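In what follows, a single structure is set out as structure tokens and then discussed.
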Amino acid sequence: MKDSQVRIRIPIHHPKEHCQASLAEERSGSIATSLQKNKLMQQQPDTRGTLPTGVKPNRRTTAMPSAVNSVETALPIAGAAARDTRAATPLQVTLPHLRPSAGRTPRWGSRRPWLPFAAMAGVLVLAMAVPALMAWPRQTVQPLPPSSRTAAAAAPSVTAKGETPVTRLPGVPPIPAVPAAPARSVPVAAEPDVRVYVTSTGRTETLPLEQYIVGVVAAEMPPSFEGEALKAQAIAARTFIARRLLADDTSGAPAGADVTDTVKHQAYISKAKLTREWGRSGKSAELAKIQQAVRDTKDTIMVYEGKPITASFFSTSNGYTENSEDVWAKPVPYLRSVSSPWDKQLAPRYTDTVTLSRQSVFDRLGLSRTAIAASTGGGSMPEIRILSKTEGHRIKKIEVGGSIFTGPEIRNKLGLRSAEFTWKAEGDRIAITTYGYGHGVGMSQWGANGMAKEGHTATQILLHYYTGISFAQASRILS
């Protein structure tokens, strides 16, 4: 029976040809198996069917049905032991999609050599698609309002809007934030108009609020002052008119006007006059500086308990401001006496001396010669004696010729610059020396300039002169 055995030569170095031959035999009904192959498989501990050294594996092994286990085919392998050995166990069948190689099962079948490349291509496509999907916009981005673009460009600091950071000074509270512009979803009220009675023309001029503030700052404060002082003045001026507009207060103004252009309310220079006179006199830079201060503080006012304050201000202090009740007989919680030492150092007319005749003093105070002679025992010199002083170091009550007056009364009747004064008789005349200039209530303008020179901001200046106030938007208050 040895001669009848079918011998099949497998080309070791040409796996492709062997693959074609195996397929042909499979179609003709031949089944290739080997007793020697089975024996070798049993000797190997690896159950995946690794062949001996020197024999290369087939690319394809045909699965064998159980019904043909009796058919044997001899494989021409050198060695007598291999020829005499018979298979004692069932044939081990290798699955078509596995191809043994060097002791490990290949990951991909021989019929799909393109699968690794397809998988890699799929991973690359997915890696490129995921970031694109994540970056796809979910909603339309709304543009920032013009007023907030500048604020967004600024650093996320807590510095007040429109102000530069400064070194904190001892005893000075932190800078409060100037209210931000209202959000786009919140409707903003239209800028109100102000009706100003212009004394020189006898006509009433109507103009927007912010343009009115430019005219007030130009009239009330020298443009040579520091920028932060000009900002403080702009906020004070805006607060003053906002309070009157909110209360519909037109007291002291002609019919059809809200205020006059005099110090009775607030001094004011019209837009036409600013353009004509300041432009021709070479003060364009000063006007631009004032306009910038107004823009930087646009819509900002001072409030106390949610309402605009009486933002009174004056030129020069005597070193202190006044409590409101010492000037206007009514206490106001935010108009308290505070120190103001900068005025004496900076104000060119911190002291001022005027000389009046005795007769002029008597007449202005409403005193007769008879009363004065009686009070002085018949002498020609009226007796003047200070009775008390205010917390702001000004004269509170004074006796002149037997009559008692308040310091503000003497100041107004004699036309003095301040309610703090001294006097000296010089023959038939009296020389009176004053300290500071103005009623002394609220913000000192020269004091504000001194604070600005030391590095204080507009909000710090206002918090110093107006006790316990905060900031709000005029548009919201007036709406």
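All residue names refer to the structure tokens as shown: chains lettered A, B, ... in order, residues numbered from 1 in each chain, ligands numbered from 1 in order.
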Would you list the contacts of stretch 346-354 of chain A as number ranges by chain, taking every protein, DNA or RNA residue within 10 Å and counting only C-alpha atoms, but skipping same-chain residues closer than 4 positions in sequence? A: 315-319, 341-342, 414-418, 421-423, 430-437, 445-447, 449-450
Might you pull out every residue within 8 Å of A:Ile386, with only C-alpha atoms counted and same-chain residues fewer than 3 positions away left off, and present them as a short mmCIF file (atom, residue, chain, number, x, y, z; two decimals) with N, CA, C and O atoms, in the first residue's frame?
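Contents of out_13.cif, as written:
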```cif
data_model
loop_
_atom_site.label_atom_id
_atom_site.label_comp_id
_atom_site.auth_asym_id
_atom_site.auth_seq_id
_atom_site.Cartn_x
_atom_site.Cartn_y
_atom_site.Cartn_z
N LYS A 389 -17.35 129.93 66.21
CA LYS A 389 -16.87 129.49 64.90
C LYS A 389 -17.47 128.12 64.55
O LYS A 389 -17.91 127.37 65.42
N ILE A 395 -16.29 131.87 60.66
CA ILE A 395 -17.04 132.61 61.68
C ILE A 395 -18.50 132.18 61.65
O ILE A 395 -19.15 132.21 60.59
N LYS A 397 -20.88 133.13 64.38
CA LYS A 397 -21.63 134.31 64.84
C LYS A 397 -20.65 135.41 65.23
O LYS A 397 -19.60 135.13 65.82
N ILE A 398 -21.02 136.65 64.91
CA ILE A 398 -20.14 137.80 65.17
C ILE A 398 -21.01 138.99 65.60
O ILE A 398 -22.14 139.16 65.12
N GLU A 399 -20.48 139.76 66.49
CA GLU A 399 -21.19 140.96 66.95
C GLU A 399 -20.51 142.20 66.38
O GLU A 399 -19.29 142.39 66.52
#
```
Residue contacts of A:Ala232 (8 Å, only C-alpha atoms) excluding same-chain residues fewer than 3 positions away, as a ChimeraX atom specification: /A:228-229,235-236,448,458-459,461-462
Selected residues written out with C-alpha atoms, as a compact mmCIF listing (two decimals), in the first residue's frame:
```
# COMPACT_ATOMS: atom_id res chain seq x y z
CA GLU A 228 -9.03 113.84 37.20
CA ALA A 229 -10.13 117.14 38.73
CA ILE A 235 -19.70 114.43 37.57
CA ALA A 236 -20.62 117.12 40.13
CA ALA A 448 -9.72 118.61 43.97
CA ALA A 458 -12.00 111.48 40.26
CA THR A 459 -13.96 108.96 42.31
CA ILE A 461 -11.86 113.05 45.10
CA LEU A 462 -15.65 112.91 45.17
```
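Between A:Glu420 and the residues A:Pro192, A:Gly306, A:Gly442, A:Gly392, the shortest atom-to-atom distance, using only C-alpha atoms, involves A:Gly392.
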Strand (DSSP E or B) call set, DSSP backbone run, stretch 230-362 of chain A, as a list in words: Val259, Thr260, Thr300, Ile301, Met302, Val303, Tyr304, Lys307, Pro308, Phe313, Phe314, Thr316, Tyr320, Ser339, Thr351, Asp352, Thr353, Val354, Thr355, Leu356 and Ser357 of chain A
Restricted to N, CA, C and O atoms, what would the selected residues look like written as a short mmCIF file (atom, residue, chain, number, x, y, z; two decimals), in the first residue's frame?
```cif
data_model
loop_
_atom_site.label_atom_id
_atom_site.label_comp_id
_atom_site.auth_asym_id
_atom_site.auth_seq_id
_atom_site.Cartn_x
_atom_site.Cartn_y
_atom_site.Cartn_z
N VAL A 259 -32.44 126.25 34.15
CA VAL A 259 -31.39 126.91 34.92
C VAL A 259 -30.96 128.16 34.16
O VAL A 259 -31.28 128.35 32.98
N THR A 260 -30.19 128.98 34.86
CA THR A 260 -29.54 130.12 34.21
C THR A 260 -28.06 129.79 34.00
O THR A 260 -27.58 128.76 34.46
N THR A 300 -22.58 109.53 34.34
CA THR A 300 -22.30 109.19 35.75
C THR A 300 -22.69 110.34 36.67
O THR A 300 -22.32 111.49 36.41
N ILE A 301 -23.41 110.02 37.73
CA ILE A 301 -23.79 111.00 38.73
C ILE A 301 -23.57 110.41 40.12
O ILE A 301 -23.35 109.20 40.27
N MET A 302 -23.64 111.27 41.13
CA MET A 302 -23.54 110.84 42.53
C MET A 302 -24.94 110.73 43.13
O MET A 302 -25.81 111.56 42.85
N VAL A 303 -25.13 109.67 43.92
CA VAL A 303 -26.43 109.46 44.56
C VAL A 303 -26.21 109.15 46.04
O VAL A 303 -25.15 108.66 46.44
N TYR A 304 -27.24 109.44 46.81
CA TYR A 304 -27.27 109.07 48.22
C TYR A 304 -28.63 108.45 48.48
O TYR A 304 -29.67 109.09 48.24
N LYS A 307 -30.82 108.53 45.31
CA LYS A 307 -31.29 109.78 44.72
C LYS A 307 -30.11 110.72 44.45
O LYS A 307 -29.13 110.71 45.21
N PRO A 308 -30.18 111.51 43.38
CA PRO A 308 -29.09 112.45 43.09
C PRO A 308 -28.89 113.42 44.26
O PRO A 308 -29.85 113.89 44.88
N PHE A 313 -20.41 122.87 45.14
CA PHE A 313 -18.95 122.99 45.07
C PHE A 313 -18.60 124.47 45.12
O PHE A 313 -19.46 125.36 44.94
N PHE A 314 -17.34 124.73 45.40
CA PHE A 314 -16.88 126.12 45.52
C PHE A 314 -15.42 126.17 45.10
O PHE A 314 -14.79 125.14 44.83
N THR A 316 -12.29 127.72 46.67
CA THR A 316 -11.12 127.51 47.52
C THR A 316 -11.54 127.41 48.98
O THR A 316 -12.32 128.25 49.45
N TYR A 320 -10.63 123.65 55.28
CA TYR A 320 -11.71 122.75 55.66
C TYR A 320 -12.95 123.11 54.84
O TYR A 320 -13.08 124.24 54.36
N SER A 339 -11.33 117.92 55.90
CA SER A 339 -10.12 118.72 55.72
C SER A 339 -9.81 118.88 54.23
O SER A 339 -10.12 118.02 53.42
N THR A 351 -5.49 133.89 50.21
CA THR A 351 -5.84 135.04 51.07
C THR A 351 -6.10 136.25 50.18
O THR A 351 -5.50 136.40 49.10
N ASP A 352 -6.99 137.09 50.63
CA ASP A 352 -7.33 138.29 49.86
C ASP A 352 -7.75 139.39 50.85
O ASP A 352 -8.48 139.11 51.81
N THR A 353 -7.28 140.58 50.62
CA THR A 353 -7.57 141.70 51.54
C THR A 353 -8.32 142.80 50.80
O THR A 353 -7.92 143.21 49.70
N VAL A 354 -9.40 143.25 51.40
CA VAL A 354 -10.16 144.37 50.86
C VAL A 354 -10.24 145.46 51.94
O VAL A 354 -10.26 145.16 53.14
N THR A 355 -10.25 146.70 51.52
CA THR A 355 -10.33 147.83 52.46
C THR A 355 -11.62 148.60 52.19
O THR A 355 -11.89 149.01 51.06
N LEU A 356 -12.42 148.78 53.24
CA LEU A 356 -13.70 149.47 53.13
C LEU A 356 -13.73 150.65 54.11
O LEU A 356 -13.10 150.60 55.17
N SER A 357 -14.46 151.67 53.76
CA SER A 357 -14.64 152.78 54.69
C SER A 357 -15.62 152.36 55.78
O SER A 357 -16.42 151.45 55.59
#
```
For stretch 272-280 of chain A, list every protein, DNA or RNA residue within 10 Å, evaluated using only C-alpha atoms, and leave out those in the same chain fewer than 5 positions away; present the list as a PyMOL selection string. chain A and resi 214-215+218-219+285-287
Selection to disk with C-alpha atoms, as a PDB file, in the first residue's frame:
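This is the output file part-v4.pdb:
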```pdb
ATOM      1  CA  VAL A 214     -19.082 120.692  28.599  1.00  0.00           C
ATOM      2  CA  GLY A 215     -20.191 124.328  28.842  1.00  0.00           C
ATOM      3  CA  ALA A 218     -15.462 125.179  30.811  1.00  0.00           C
ATOM      4  CA  ALA A 219     -17.050 127.987  32.828  1.00  0.00           C
ATOM      5  CA  ALA A 285      -6.468 121.907  23.120  1.00  0.00           C
ATOM      6  CA  GLU A 286      -8.021 123.069  26.405  1.00  0.00           C
ATOM      7  CA  LEU A 287     -11.513 122.591  24.987  1.00  0.00           C
TER       8      LEU A 287
END
```
Selection: 12 Å around A:Gly227, only C-alpha atoms, excl. self and same-chain fewer than 4 positions, as a PyMOL selection string: chain A and resi 162-164+217+221-223+231-234+286+288-297+448-453+455-458
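Using only C-alpha atoms, the smallest distance between any of A:Gln473, A:Asn412, A:Thr406, A:Thr310 and A:Ser388 comes from A:Thr406.
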Would you please give, as a ChimeraX atom specification, all residues of stretch 178-339 of chain A that DSSP assigns to alpha helix (DSSP H) based on the backbone? /A:209-220,227-247,271-273,279-280,284-296,325-328
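Here atom CA of A:Ser270 is placed at a distance of 10.3 Å from atom CA of A:Thr206.
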Suppose you want the space between atom CA of A:Arg411 and atom CA of A:Ala311; what is it in Å? 21.8 Å
Rank nothing, just name the residue among A:Ser340, A:Gln266, A:Ser224, A:Ser479 nearest to A:Ile241, using only C-alpha atoms. A:Gln266
